[in-house]
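A.B. asks: Just dropping this structure here.
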Amino acid sequence: MKLTLKVWRQKNNTDKGGFVSYPIDGISKDMSFLEMLDVLNEELSDKGEDPVHFDHDCREGICGMCSLFINGKPHGPQQTTTCQLHMRSFNDGDTITIEPWRAKAFPVVKDLVVDRSSFDRIIQAGGYVSVNTGGVPDANEIPIPKRIADEAFDAATCIGCGACVAACKNASAMLFVSAKISQLAMLPQGQVERKERAEKMIAQMDSEGFGACTNTGACSAECPKGISLTNIARMNREYFSAVVSSENV
Amino acid sequence: MDCLLAVPNVNLASVIENIRFTPILKNHMSWVTKTLSSTLGRKLIMALTGLFLILFLVGHVSGNLLLLKGDEGKSFNIYAEFMTTNPAVKLLSYLTYISVIGHVIYSIILTRKNKSARPIAYAETKASTNSSFSSRNMGILGTIILVFLMVHMQNFWYQMHWGDIPTVTYDGETYKDLFAVVSFSFQNELLVLGYVIAMGFLAFHLSHGFASAFQTLGLNHKKYSPAIETVGKIYCVVVPALFASMPLYIYFTS
């Protein structure tokens with residue numbers, strides 16, 4: 001395959017940045033998108049140029065580290081992570097536009113790498129359960145109905161990649177935050193901190209500068225894990241019931 | 001005063017400050033204001049005012065159907081008189097004004113926040129593949145509806161309250177002849193066209209707004225959401241179509 005890559009290059013956070021076009025040849029349809037970028041970077045390194053910086057880690061679609069806004073969509077044309085996107089999704093001779101996630105809360109570090117630590121701070125604000133230390137508890141010690149376990153697990157499949165924020169016209173983090181609130185709100189282990197969790201995580205989300213939700217559904221449509229909008233409704237219920245009944249005045 | 005001056009180093013400003021903002025009052029109010037200024041609290045206001053306006057439109061369209069009764073406006077004029085004088089209706093009308101103003105103000109606050117959340121736009125987006133046109137353009141649709149609303153209120157609401165309009169007598173009672181104002185206004189094809197087009201924009205705004213309001217309130221449930229979506233789809237077509245039929249009917253029958 002012969003392609004033209006229109007890649008966002010930006011030296012650092014304060015640099016203005018801009019697109020640079022790279023012609024690339026000899027790409028196999030079976031390569032993943034990241035392997036294709038590896039080929040480009042090999043060539044750039046050989047020429048003594050600065051390679052294109054991008055985030056990646058497991059390359060198995062489970063870690064949430066890869067990103068990239070490809071041809072107008074987060075993680076490209078397929079509803080998957082960029083590492084699981086293959087070049088067979090493109091045609092020979094295509095021009096592919098590659099941009100970083102665009103959000104105030106995700107500042108560009110370099111080229112296509114953005115700082116997603118705002119997500120970490122939201123988790124730190126309440127996306128956890130406090131557990132007693134000690135021996136490993138016995139299996140099935142706390143009975144949880146299968147339906148609840150499945151629903152909580154569906155929410156828990158969120159890998160925190162930020163595609164929801166990238167896809168949203170408001171750069172809203174509601175799908176991410178709602179998945180993280182939901183996975184704990186449904187389980188018995190999450191009950192102790194339930195109200196405080198909803199209040200604190202949403203306060204943190206707001207202070208990070210994410211937008212509000214217009215219920216367009218773009219986040220869920222682009223989410224590589226298919227996190228459902230029902231989580232956002234649940235988060236709203238959690239939040240409204242928490243603020244009217246919690247001890248925090 | 002003597003007593004106060006007798007105490008050394010009394011800062012009068014701090015005394016007043018303490019009276020005005022007693023800790024009790026401060027604590028009792030802060031969670032409300034804090035909630036309503038969070039993104040979810042602001043969305044709650046959008047949803048509640050929006051749903052109230054959806055209810056208002058049902059009342060408005062049902063009452064106005066009297067225009068089509070063909071009794072030269074008698075029942076419409078009596079109804080208009082009732083709507084401007086009845087105390088319960090007055091209360092509802094104030095709630096409607098508050099809802100319109102609240103819906104507009106909070107949409108501006110939210111839109112500003114949403115715009116600031118993405119300071120640098122994408123060079124290329126394929127938003128049409130993941131969301132509906134209406135959902136992405138609620139602000140623009142709403143702005144057009146607001147412009148229409150101002151024209152509409154000048155046309156009839158202002159005339160009914162403060163305008164110099166003719167009167168009619170039914171059974172010895174004098175009524176303002178709002179029907180005559182409406183009939184005269186809709187002789188103008190530009191106004192009729194404007195009204196019909198505005199109802200088109202309203203339909204698109206409602207096609208997203210109806211179900212979206214329930215989602216914001218957290219009312220998303222396997223049992224009820226399909227019904228909410230269906231009612232929303234019927235509502236967003238039927239109500240604007242009925243509204244649009246009135247100027248068309250008057251224009252083509254007079």
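As shown in the structure tokens, the chain order sets the letters A, B, ...; within each chain, residues go from 1, and ligands are also counted from 1 in the order they appear.
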Using only C-alpha atoms, find the residues of chain A whose closest atom to chain B is at most 7 Å away, then write them as a list of chain:residue names.
C.D. replies: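 Filtering chain A at 7 Å from chain B with only C-alpha atoms gives A:Asn71, A:Gly72, A:Lys73, A:Arg102, A:Ala103, A:Lys104, A:Asn170, A:Ala171, A:Asp206, A:Gly209, A:Phe210, A:Gly211, A:Ala212, A:Thr214, A:Asn215, A:Thr216, A:Gly217, A:Ala218, A:Ala221, A:Thr230, A:Ala233, A:Arg234, A:Asn236, A:Arg237, A:Val249.
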A.B. asks: Give me a file of those residues, with N, CA and C atoms, as a PDB file, in the first residue's frame.
C.D. replies:
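Written out: again_36.pdb:
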```pdb
ATOM      1  N   ASN A  71      -8.604  10.377  10.566  1.00  0.00           N
ATOM      2  CA  ASN A  71      -9.624  10.726   9.566  1.00  0.00           C
ATOM      3  C   ASN A  71     -10.947  11.154  10.205  1.00  0.00           C
ATOM      4  N   GLY A  72     -10.849  12.009  11.210  1.00  0.00           N
ATOM      5  CA  GLY A  72     -12.052  12.591  11.803  1.00  0.00           C
ATOM      6  C   GLY A  72     -12.746  11.745  12.844  1.00  0.00           C
ATOM      7  N   LYS A  73     -12.134  10.614  13.230  1.00  0.00           N
ATOM      8  CA  LYS A  73     -12.756   9.765  14.252  1.00  0.00           C
ATOM      9  C   LYS A  73     -11.713   9.263  15.251  1.00  0.00           C
ATOM     10  N   ARG A 102      -8.251  16.261  21.107  1.00  0.00           N
ATOM     11  CA  ARG A 102      -8.330  17.713  21.314  1.00  0.00           C
ATOM     12  C   ARG A 102      -9.245  18.013  22.491  1.00  0.00           C
ATOM     13  N   ALA A 103      -8.670  18.454  23.592  1.00  0.00           N
ATOM     14  CA  ALA A 103      -9.460  18.876  24.757  1.00  0.00           C
ATOM     15  C   ALA A 103      -8.566  19.721  25.653  1.00  0.00           C
ATOM     16  N   LYS A 104      -9.182  20.703  26.296  1.00  0.00           N
ATOM     17  CA  LYS A 104      -8.432  21.554  27.227  1.00  0.00           C
ATOM     18  C   LYS A 104      -7.843  20.694  28.344  1.00  0.00           C
ATOM     19  N   ASN A 170     -18.362  18.570  22.902  1.00  0.00           N
ATOM     20  CA  ASN A 170     -18.092  19.423  24.067  1.00  0.00           C
ATOM     21  C   ASN A 170     -16.853  18.979  24.841  1.00  0.00           C
ATOM     22  N   ALA A 171     -16.108  18.010  24.303  1.00  0.00           N
ATOM     23  CA  ALA A 171     -14.984  17.421  25.035  1.00  0.00           C
ATOM     24  C   ALA A 171     -15.409  17.068  26.460  1.00  0.00           C
ATOM     25  N   ASP A 206     -15.463  18.542  36.720  1.00  0.00           N
ATOM     26  CA  ASP A 206     -15.753  19.939  36.373  1.00  0.00           C
ATOM     27  C   ASP A 206     -14.507  20.804  36.471  1.00  0.00           C
ATOM     28  N   GLY A 209     -11.978  20.970  33.586  1.00  0.00           N
ATOM     29  CA  GLY A 209     -12.286  21.739  32.381  1.00  0.00           C
ATOM     30  C   GLY A 209     -12.934  20.954  31.253  1.00  0.00           C
ATOM     31  N   PHE A 210     -13.492  19.777  31.572  1.00  0.00           N
ATOM     32  CA  PHE A 210     -14.252  19.039  30.555  1.00  0.00           C
ATOM     33  C   PHE A 210     -15.600  19.731  30.339  1.00  0.00           C
ATOM     34  N   GLY A 211     -16.196  19.522  29.166  1.00  0.00           N
ATOM     35  CA  GLY A 211     -17.484  20.141  28.866  1.00  0.00           C
ATOM     36  C   GLY A 211     -18.640  19.361  29.468  1.00  0.00           C
ATOM     37  N   ALA A 212     -19.866  19.843  29.196  1.00  0.00           N
ATOM     38  CA  ALA A 212     -21.074  19.179  29.684  1.00  0.00           C
ATOM     39  C   ALA A 212     -21.601  18.225  28.612  1.00  0.00           C
ATOM     40  N   THR A 214     -24.384  16.783  25.998  1.00  0.00           N
ATOM     41  CA  THR A 214     -25.559  17.175  25.214  1.00  0.00           C
ATOM     42  C   THR A 214     -26.345  15.934  24.780  1.00  0.00           C
ATOM     43  N   ASN A 215     -25.936  14.767  25.293  1.00  0.00           N
ATOM     44  CA  ASN A 215     -26.599  13.502  24.947  1.00  0.00           C
ATOM     45  C   ASN A 215     -26.604  13.243  23.446  1.00  0.00           C
ATOM     46  N   THR A 216     -25.516  13.586  22.749  1.00  0.00           N
ATOM     47  CA  THR A 216     -25.462  13.307  21.308  1.00  0.00           C
ATOM     48  C   THR A 216     -25.235  11.816  21.067  1.00  0.00           C
ATOM     49  N   GLY A 217     -24.584  11.159  22.037  1.00  0.00           N
ATOM     50  CA  GLY A 217     -24.299   9.733  21.904  1.00  0.00           C
ATOM     51  C   GLY A 217     -23.039   9.435  21.115  1.00  0.00           C
ATOM     52  N   ALA A 218     -22.294  10.466  20.721  1.00  0.00           N
ATOM     53  CA  ALA A 218     -21.069  10.258  19.940  1.00  0.00           C
ATOM     54  C   ALA A 218     -20.051   9.442  20.743  1.00  0.00           C
ATOM     55  N   ALA A 221     -20.913   5.760  20.678  1.00  0.00           N
ATOM     56  CA  ALA A 221     -20.760   5.242  19.315  1.00  0.00           C
ATOM     57  C   ALA A 221     -19.292   5.018  18.972  1.00  0.00           C
ATOM     58  N   THR A 230     -26.537   4.401  29.157  1.00  0.00           N
ATOM     59  CA  THR A 230     -27.297   4.179  30.390  1.00  0.00           C
ATOM     60  C   THR A 230     -26.423   4.504  31.610  1.00  0.00           C
ATOM     61  N   ALA A 233     -26.913   8.147  32.459  1.00  0.00           N
ATOM     62  CA  ALA A 233     -28.172   8.344  33.196  1.00  0.00           C
ATOM     63  C   ALA A 233     -27.998   7.893  34.647  1.00  0.00           C
ATOM     64  N   ARG A 234     -27.293   6.756  34.835  1.00  0.00           N
ATOM     65  CA  ARG A 234     -27.079   6.265  36.195  1.00  0.00           C
ATOM     66  C   ARG A 234     -26.229   7.247  36.989  1.00  0.00           C
ATOM     67  N   ASN A 236     -26.073  10.452  36.587  1.00  0.00           N
ATOM     68  CA  ASN A 236     -26.918  11.592  36.935  1.00  0.00           C
ATOM     69  C   ASN A 236     -27.788  11.261  38.145  1.00  0.00           C
ATOM     70  N   ARG A 237     -28.367  10.052  38.154  1.00  0.00           N
ATOM     71  CA  ARG A 237     -29.179   9.633  39.309  1.00  0.00           C
ATOM     72  C   ARG A 237     -28.330   9.587  40.573  1.00  0.00           C
ATOM     73  N   VAL A 249     -22.542  19.359  53.399  1.00  0.00           N
ATOM     74  CA  VAL A 249     -23.341  20.556  53.137  1.00  0.00           C
ATOM     75  C   VAL A 249     -22.514  21.606  52.407  1.00  0.00           C
TER      76      VAL A 249
END
```
A.B. asks: Grab the atom CA of Tyr128 of chain A to atom CA of Thr80 of chain A distance for me, in Å with one decimal place.
C.D. replies: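 Answer for the atom CA of Tyr128 of chain A to atom CA of Thr80 of chain A separation: 26.4 Å.
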A.B. asks: Using DSSP secondary structure from the backbone, list all helix (DSSP H, G or I) positions within segment 28-234 of chain B, as a PyMOL selection string.
C.D. replies: chain B and resi 28-36+39-68+74-85+87-116+127-129+133-136+138-162+178-185+189-216+225-234
A.B. asks: Save the residues we just selected, C-alpha atoms, as a compact mmCIF listing (two decimals), in the first residue's frame?
C.D. replies:
```
# COMPACT_ATOMS: atom_id res chain seq x y z
CA HIS B 28 -27.41 25.57 54.42
CA MET B 29 -27.20 27.24 51.07
CA SER B 30 -23.81 26.27 49.78
CA TRP B 31 -24.73 22.74 48.67
CA VAL B 32 -27.66 24.00 46.64
CA THR B 33 -25.72 26.70 44.83
CA LYS B 34 -22.75 24.36 44.41
CA THR B 35 -24.96 21.68 42.86
CA LEU B 36 -26.72 24.07 40.51
CA THR B 39 -22.25 20.80 34.93
CA LEU B 40 -24.83 18.24 36.01
CA GLY B 41 -26.80 20.83 38.00
CA ARG B 42 -26.87 23.14 35.01
CA LYS B 43 -27.99 20.28 32.79
CA LEU B 44 -30.72 19.54 35.36
CA ILE B 45 -32.00 23.10 34.95
CA MET B 46 -31.93 22.72 31.15
CA ALA B 47 -33.90 19.46 31.38
CA LEU B 48 -36.51 20.70 33.86
CA THR B 49 -37.15 24.00 32.07
CA GLY B 50 -37.20 22.16 28.73
CA LEU B 51 -39.75 19.63 29.97
CA PHE B 52 -41.91 22.40 31.40
CA LEU B 53 -41.84 24.15 28.02
CA ILE B 54 -42.77 20.85 26.34
CA LEU B 55 -45.84 20.73 28.58
CA PHE B 56 -46.54 24.40 27.88
CA LEU B 57 -46.53 23.73 24.12
CA VAL B 58 -49.20 21.06 24.56
CA GLY B 59 -51.46 23.55 26.34
CA HIS B 60 -50.64 26.31 23.87
CA VAL B 61 -51.37 24.21 20.80
CA SER B 62 -54.59 22.74 22.21
CA GLY B 63 -55.97 26.17 23.13
CA ASN B 64 -55.02 27.67 19.80
CA LEU B 65 -56.86 24.93 17.92
CA LEU B 66 -59.93 27.08 18.75
CA LEU B 67 -58.69 29.30 15.89
CA LEU B 68 -59.79 26.56 13.50
CA LYS B 74 -65.79 33.76 19.44
CA SER B 75 -64.46 30.81 21.43
CA PHE B 76 -60.85 31.83 20.73
CA ASN B 77 -61.41 35.36 22.03
CA ILE B 78 -63.19 34.13 25.16
CA TYR B 79 -60.33 31.66 25.70
CA ALA B 80 -57.72 34.43 25.19
CA GLU B 81 -59.50 36.58 27.76
CA PHE B 82 -59.48 33.68 30.24
CA MET B 83 -55.77 33.00 29.60
CA THR B 84 -54.80 36.62 30.37
CA THR B 85 -56.96 37.10 33.46
CA PRO B 87 -54.90 33.82 38.39
CA ALA B 88 -53.91 30.15 38.03
CA VAL B 89 -53.02 30.70 34.38
CA LYS B 90 -51.08 33.82 35.42
CA LEU B 91 -48.97 31.71 37.75
CA LEU B 92 -48.33 29.20 34.96
CA SER B 93 -47.44 32.01 32.57
CA TYR B 94 -44.83 33.34 35.01
CA LEU B 95 -43.40 29.82 35.27
CA THR B 96 -43.25 29.76 31.47
CA TYR B 97 -41.38 33.08 31.30
CA ILE B 98 -38.95 31.86 33.96
CA SER B 99 -38.46 28.58 32.07
CA VAL B 100 -37.75 30.34 28.77
CA ILE B 101 -35.31 32.77 30.38
CA GLY B 102 -33.67 30.02 32.47
CA HIS B 103 -33.37 27.70 29.48
CA VAL B 104 -31.71 30.47 27.44
CA ILE B 105 -29.34 31.70 30.17
CA TYR B 106 -28.18 28.21 31.14
CA SER B 107 -27.72 27.23 27.50
CA ILE B 108 -25.39 30.21 27.11
CA ILE B 109 -23.45 29.31 30.27
CA LEU B 110 -23.15 25.65 29.18
CA THR B 111 -22.26 26.47 25.58
CA ARG B 112 -19.47 28.79 26.73
CA LYS B 113 -18.11 26.07 29.01
CA ASN B 114 -18.40 23.48 26.22
CA LYS B 115 -16.60 25.69 23.71
CA SER B 116 -13.80 26.38 26.18
CA ALA B 127 -19.48 13.74 13.55
CA SER B 128 -22.38 12.79 11.27
CA THR B 129 -21.33 9.14 11.58
CA PHE B 133 -27.77 16.61 13.25
CA SER B 134 -30.20 17.98 15.85
CA SER B 135 -28.17 16.79 18.82
CA ARG B 136 -25.09 18.59 17.51
CA MET B 138 -29.26 22.37 19.68
CA GLY B 139 -27.75 25.81 20.33
CA ILE B 140 -28.22 27.06 16.76
CA LEU B 141 -31.74 25.60 16.56
CA GLY B 142 -32.55 27.15 19.94
CA THR B 143 -31.24 30.56 18.86
CA ILE B 144 -33.47 30.52 15.77
CA ILE B 145 -36.44 29.53 17.95
CA LEU B 146 -35.62 32.38 20.35
CA VAL B 147 -35.64 34.90 17.49
CA PHE B 148 -38.96 33.46 16.35
CA LEU B 149 -40.30 33.66 19.90
CA MET B 150 -39.47 37.36 20.15
CA VAL B 151 -41.21 38.09 16.83
CA HIS B 152 -44.15 35.90 17.88
CA MET B 153 -44.57 37.64 21.24
CA GLN B 154 -44.45 41.05 19.58
CA ASN B 155 -47.09 39.87 17.06
CA PHE B 156 -49.69 38.66 19.56
CA TRP B 157 -48.65 38.59 23.22
CA TYR B 158 -47.60 42.26 23.29
CA GLN B 159 -50.71 43.28 21.28
CA MET B 160 -53.03 41.39 23.63
CA HIS B 161 -51.50 42.96 26.75
CA TRP B 162 -50.61 46.48 25.71
CA LEU B 178 -57.33 38.86 19.28
CA PHE B 179 -58.81 36.67 16.55
CA ALA B 180 -58.98 39.72 14.26
CA VAL B 181 -55.29 40.47 14.98
CA VAL B 182 -54.32 36.85 14.21
CA SER B 183 -56.45 36.72 11.06
CA PHE B 184 -55.02 40.02 9.83
CA SER B 185 -51.39 39.03 10.59
CA GLU B 189 -47.41 35.46 3.22
CA LEU B 190 -43.93 36.31 4.53
CA LEU B 191 -45.10 36.02 8.13
CA VAL B 192 -46.90 32.75 7.36
CA LEU B 193 -43.79 31.37 5.68
CA GLY B 194 -41.64 32.52 8.63
CA TYR B 195 -43.97 30.80 11.11
CA VAL B 196 -44.00 27.54 9.16
CA ILE B 197 -40.21 27.48 8.79
CA ALA B 198 -39.75 28.31 12.49
CA MET B 199 -41.94 25.31 13.37
CA GLY B 200 -39.58 23.17 11.28
CA PHE B 201 -36.66 24.30 13.44
CA LEU B 202 -38.74 23.68 16.56
CA ALA B 203 -39.40 20.13 15.34
CA PHE B 204 -35.66 19.43 15.00
CA HIS B 205 -34.94 20.99 18.41
CA LEU B 206 -37.62 18.81 20.03
CA SER B 207 -36.57 15.69 18.14
CA HIS B 208 -33.45 15.66 20.30
CA GLY B 209 -34.61 17.67 23.31
CA PHE B 210 -37.57 15.51 24.32
CA ALA B 211 -35.73 12.24 25.01
CA SER B 212 -32.54 14.05 26.00
CA ALA B 213 -34.28 15.76 28.92
CA PHE B 214 -35.29 12.38 30.37
CA GLN B 215 -31.75 11.04 29.93
CA THR B 216 -30.36 14.07 31.81
CA SER B 225 -36.97 4.56 27.45
CA PRO B 226 -38.40 3.04 24.23
CA ALA B 227 -41.78 4.59 25.10
CA ILE B 228 -40.16 7.95 25.85
CA GLU B 229 -38.35 7.84 22.50
CA THR B 230 -41.53 6.97 20.62
CA VAL B 231 -43.61 9.66 22.34
CA GLY B 232 -40.78 12.14 21.64
CA LYS B 233 -40.75 11.27 17.94
CA ILE B 234 -44.53 11.64 17.67
```
A.B. asks: Report, in Å with one decimal, the straight-line distance from atom CA of Gly17 of chain A to atom CA of Ala167 of chain A.
C.D. replies: 21.1 Å
A.B. asks: Compile the contact shell of Gln79 of chain A as a PyMOL selection string: residues with an atom at most 12 Å away, counting only C-alpha atoms, same-chain residues fewer than 6 positions apart removed.
C.D. replies: (chain A and resi 61+70+73+85-86+89+163-164+167+218-227) or (chain B and resi 129-130)
A.B. asks: Using only C-alpha atoms, which residues sit within 12 Å of Phe252 of chain B once same-chain residues fewer than 4 positions away are excluded, as a list in words?
C.D. replies: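 Here the answer would be Ser183, Phe186, Gln187, Asn188, Glu189, Val192, Ser245, Met246, Pro247 and Leu248 of chain B.
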A.B. asks: Filtering to N, CA and C atoms, could you give me those residues as an mmCIF file, in the first residue's frame?
C.D. replies:
```cif
data_model
loop_
_atom_site.group_PDB
_atom_site.id
_atom_site.type_symbol
_atom_site.label_atom_id
_atom_site.label_comp_id
_atom_site.auth_asym_id
_atom_site.auth_seq_id
_atom_site.Cartn_x
_atom_site.Cartn_y
_atom_site.Cartn_z
ATOM 1 N N SER B 183 -55.978 36.870 12.442
ATOM 2 C CA SER B 183 -56.454 36.721 11.063
ATOM 3 C C SER B 183 -55.774 37.730 10.141
ATOM 4 N N PHE B 186 -51.922 36.899 9.564
ATOM 5 C CA PHE B 186 -51.640 35.766 8.681
ATOM 6 C C PHE B 186 -52.193 35.946 7.260
ATOM 7 N N GLN B 187 -52.529 37.200 6.907
ATOM 8 C CA GLN B 187 -52.757 37.509 5.488
ATOM 9 C C GLN B 187 -51.405 37.719 4.809
ATOM 10 N N ASN B 188 -50.388 38.008 5.633
ATOM 11 C CA ASN B 188 -49.047 38.320 5.130
ATOM 12 C C ASN B 188 -48.288 37.020 4.856
ATOM 13 N N GLU B 189 -48.024 36.754 3.560
ATOM 14 C CA GLU B 189 -47.413 35.459 3.224
ATOM 15 C C GLU B 189 -46.017 35.289 3.809
ATOM 16 N N VAL B 192 -46.440 34.144 7.366
ATOM 17 C CA VAL B 192 -46.901 32.751 7.360
ATOM 18 C C VAL B 192 -45.720 31.823 7.077
ATOM 19 N N SER B 245 -50.028 24.481 11.017
ATOM 20 C CA SER B 245 -51.279 24.401 10.261
ATOM 21 C C SER B 245 -52.145 25.643 10.463
ATOM 22 N N MET B 246 -51.965 26.328 11.612
ATOM 23 C CA MET B 246 -52.856 27.469 11.916
ATOM 24 C C MET B 246 -52.649 28.656 10.982
ATOM 25 N N PRO B 247 -51.397 29.171 10.850
ATOM 26 C CA PRO B 247 -51.233 30.270 9.887
ATOM 27 C C PRO B 247 -51.579 29.846 8.455
ATOM 28 N N LEU B 248 -51.285 28.590 8.102
ATOM 29 C CA LEU B 248 -51.590 28.109 6.754
ATOM 30 C C LEU B 248 -53.104 28.096 6.527
#
```
A.B. asks: I need the residue nearest Val7 of chain A from this list: A:Ala149, A:Ile96, A:Met87, A:Met65. Use only C-alpha atoms for the distance.
C.D. replies: A:Ile96
A.B. asks: Show which residues sit within 12 Å of Phe119 of chain A, as an MDAnalysis selection string. Count only C-alpha atoms, and ignore same-chain residues fewer than 3 positions away.
C.D. replies: chainID A and resid 64 105:106 114:116 122:127 158:162 164:165 172:177 180 201:202 204:210
A.B. asks: Looking only at the backbone, which of the residues in segment 42-236 of chain B does DSSP tag as strand (DSSP E or B), as a VMD selection string?
C.D. replies: chain B and resid 167 to 170 173 to 176
A.B. asks: Do you know which residues are at most 7 Å from Trp101 of chain A counting only C-alpha atoms, after dropping those on the same chain fewer than 4 positions away, and could you put them as a list in words?
C.D. replies: Leu68, Phe69, Val114 and Ala166 of chain A
A.B. asks: Please compute the atom CA of Pro145 of chain A-atom CA of Ser245 of chain A distance, one decimal, in Å.
C.D. replies: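 Atom CA of Ser245 of chain A lies 26.6 Å from atom CA of Pro145 of chain A.
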